[in-house]
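Chemist: I am attaching a structure below and will ask some questions about it afterwards.
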Amino acid sequence: MRCESETCQRYFTPQPKPNGYGPNIRSQSLSLYLEGMSFRAIGRQLGVNFQSVINWVNAYHDNHDNEVPERVEDPAPAQTVGRRALHLRR
């Protein structure tokens, strides 16, 4: 709802909506990053822009220098299967 001020004739919002994402989304994105997920994949999964995820991870790192755990990396490479192999498995 927009209102007009009678004195200065400007429009304003009496109760503006909060901007940004909540702490729950930010903590989920940090957890997924630490599990080894890429920034873009996290953005797609949570429905946020990947640059927001990068900003949240960087901000957390800047504010918690000694508390940031290392990323978990899986040493075993993922097995890739071609489309033809998928059709043969039926």
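Ligands are numbered from 1 in the order shown, residues from 1 within each chain, and chains are lettered A, B, ... in the order they appear in the structure tokens.
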Identify, on the basis of only C-alpha atoms, every residue whose closest approach to range 55-61 of chain A does not exceed 12 Å; exclude the query and any residue fewer than 3 positions from it along the same chain; express the result as an mmCIF file with N, CA and C atoms, in the first residue's frame.
Modeler:
```cif
data_model
loop_
_atom_site.group_PDB
_atom_site.id
_atom_site.type_symbol
_atom_site.label_atom_id
_atom_site.label_comp_id
_atom_site.auth_asym_id
_atom_site.auth_seq_id
_atom_site.Cartn_x
_atom_site.Cartn_y
_atom_site.Cartn_z
ATOM 1 N N GLY A 20 15.864 -9.082 1.295
ATOM 2 C CA GLY A 20 16.888 -10.095 1.498
ATOM 3 C C GLY A 20 16.319 -11.443 1.899
ATOM 4 N N TYR A 21 17.230 -12.358 2.176
ATOM 5 C CA TYR A 21 16.881 -13.718 2.553
ATOM 6 C C TYR A 21 17.140 -13.909 4.033
ATOM 7 N N GLY A 22 16.421 -14.828 4.637
ATOM 8 C CA GLY A 22 16.553 -15.080 6.059
ATOM 9 C C GLY A 22 17.811 -15.866 6.405
ATOM 10 N N PRO A 23 18.114 -15.955 7.683
ATOM 11 C CA PRO A 23 19.315 -16.671 8.124
ATOM 12 C C PRO A 23 19.260 -18.167 7.818
ATOM 13 N N ASN A 24 18.058 -18.721 7.685
ATOM 14 C CA ASN A 24 17.923 -20.144 7.382
ATOM 15 C C ASN A 24 18.495 -20.469 6.007
ATOM 16 N N ILE A 25 18.163 -19.670 5.005
ATOM 17 C CA ILE A 25 18.666 -19.878 3.640
ATOM 18 C C ILE A 25 20.178 -19.693 3.615
ATOM 19 N N ARG A 26 20.664 -18.693 4.334
ATOM 20 C CA ARG A 26 22.108 -18.436 4.360
ATOM 21 C C ARG A 26 22.869 -19.597 4.991
ATOM 22 N N SER A 27 22.354 -20.140 6.087
ATOM 23 C CA SER A 27 23.049 -21.259 6.733
ATOM 24 C C SER A 27 22.970 -22.522 5.878
ATOM 25 N N GLN A 28 21.847 -22.735 5.186
ATOM 26 C CA GLN A 28 21.744 -23.874 4.269
ATOM 27 C C GLN A 28 22.762 -23.762 3.150
ATOM 28 N N SER A 29 22.920 -22.554 2.622
ATOM 29 C CA SER A 29 23.862 -22.377 1.519
ATOM 30 C C SER A 29 25.288 -22.626 1.987
ATOM 31 N N LEU A 30 25.636 -22.193 3.188
ATOM 32 C CA LEU A 30 26.969 -22.435 3.719
ATOM 33 C C LEU A 30 27.201 -23.933 3.932
ATOM 34 N N SER A 31 26.197 -24.631 4.463
ATOM 35 C CA SER A 31 26.323 -26.079 4.670
ATOM 36 C C SER A 31 26.522 -26.813 3.352
ATOM 37 N N LEU A 32 25.741 -26.439 2.344
ATOM 38 C CA LEU A 32 25.870 -27.095 1.046
ATOM 39 C C LEU A 32 27.232 -26.803 0.418
ATOM 40 N N TYR A 33 27.736 -25.587 0.601
ATOM 41 C CA TYR A 33 29.056 -25.234 0.089
ATOM 42 C C TYR A 33 30.135 -26.087 0.763
ATOM 43 N N LEU A 34 30.023 -26.238 2.071
ATOM 44 C CA LEU A 34 31.015 -27.028 2.803
ATOM 45 C C LEU A 34 30.939 -28.512 2.452
ATOM 46 N N SER A 38 28.725 -26.729 -5.766
ATOM 47 C CA SER A 38 29.162 -25.494 -6.423
ATOM 48 C C SER A 38 28.193 -24.355 -6.100
ATOM 49 N N PHE A 39 28.663 -23.134 -6.289
ATOM 50 C CA PHE A 39 27.830 -21.965 -6.016
ATOM 51 C C PHE A 39 26.583 -21.959 -6.882
ATOM 52 N N ILE A 42 24.064 -24.619 -5.719
ATOM 53 C CA ILE A 42 23.394 -24.179 -4.498
ATOM 54 C C ILE A 42 22.311 -23.161 -4.840
ATOM 55 N N GLY A 43 22.646 -22.216 -5.709
ATOM 56 C CA GLY A 43 21.672 -21.217 -6.130
ATOM 57 C C GLY A 43 20.455 -21.842 -6.778
ATOM 58 N N VAL A 48 17.993 -19.099 -5.290
ATOM 59 C CA VAL A 48 18.597 -17.779 -5.115
ATOM 60 C C VAL A 48 19.666 -17.585 -6.182
ATOM 61 N N ASN A 49 20.116 -16.369 -6.355
ATOM 62 C CA ASN A 49 21.177 -16.088 -7.307
ATOM 63 C C ASN A 49 22.497 -16.626 -6.768
ATOM 64 N N PHE A 50 23.310 -17.209 -7.633
ATOM 65 C CA PHE A 50 24.572 -17.797 -7.187
ATOM 66 C C PHE A 50 25.517 -16.753 -6.617
ATOM 67 N N GLN A 51 25.419 -15.497 -7.092
ATOM 68 C CA GLN A 51 26.278 -14.445 -6.550
ATOM 69 C C GLN A 51 25.933 -14.146 -5.097
ATOM 70 N N SER A 52 24.676 -14.304 -4.725
ATOM 71 C CA SER A 52 24.286 -14.151 -3.323
ATOM 72 C C SER A 52 24.964 -15.210 -2.470
ATOM 73 N N HIS A 64 34.297 -14.979 10.532
ATOM 74 C CA HIS A 64 34.623 -16.140 11.368
ATOM 75 C C HIS A 64 35.907 -16.795 10.868
ATOM 76 N N ASP A 65 37.011 -16.074 10.923
ATOM 77 C CA ASP A 65 38.273 -16.569 10.363
ATOM 78 C C ASP A 65 38.698 -17.918 10.920
ATOM 79 N N ASN A 66 38.649 -18.090 12.219
ATOM 80 C CA ASN A 66 39.151 -19.324 12.833
ATOM 81 C C ASN A 66 38.111 -20.420 12.911
ATOM 82 N N GLU A 67 36.863 -20.122 12.606
ATOM 83 C CA GLU A 67 35.794 -21.099 12.776
ATOM 84 C C GLU A 67 35.347 -21.769 11.487
ATOM 85 N N VAL A 68 35.838 -21.342 10.357
ATOM 86 C CA VAL A 68 35.364 -21.888 9.089
ATOM 87 C C VAL A 68 36.020 -23.238 8.849
ATOM 88 N N PRO A 69 35.214 -24.318 8.796
ATOM 89 C CA PRO A 69 35.794 -25.628 8.516
ATOM 90 C C PRO A 69 36.183 -25.757 7.047
ATOM 91 N N GLU A 70 37.006 -26.718 6.765
ATOM 92 C CA GLU A 70 37.426 -26.967 5.389
ATOM 93 C C GLU A 70 36.290 -27.608 4.614
ATOM 94 N N ARG A 71 36.304 -27.388 3.311
ATOM 95 C CA ARG A 71 35.322 -28.035 2.440
ATOM 96 C C ARG A 71 35.582 -29.516 2.395
#
```
Chemist: Could you please determine the separation between CA of Glu35 in chain A and CA of Asn19 in chain A in Å, to one decimal place?
Modeler: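 Separating CA of Glu35 in chain A from CA of Asn19 in chain A is a distance of 27.7 Å.
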Chemist: What's the separation between CA of Pro18 in chain A and CA of Gly47 in chain A, in Å to one decimal place?
Modeler: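 If I compute the distance from CA of Pro18 in chain A to CA of Gly47 in chain A, I get 17.8 Å.
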Chemist: Report, in Å to a single decimal, how far apart CA of Ala41 in chain A and CA of Asn63 in chain A are.
Modeler: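 Atom-to-atom, CA of Asn63 in chain A to CA of Ala41 in chain A, that is 24.1 Å.
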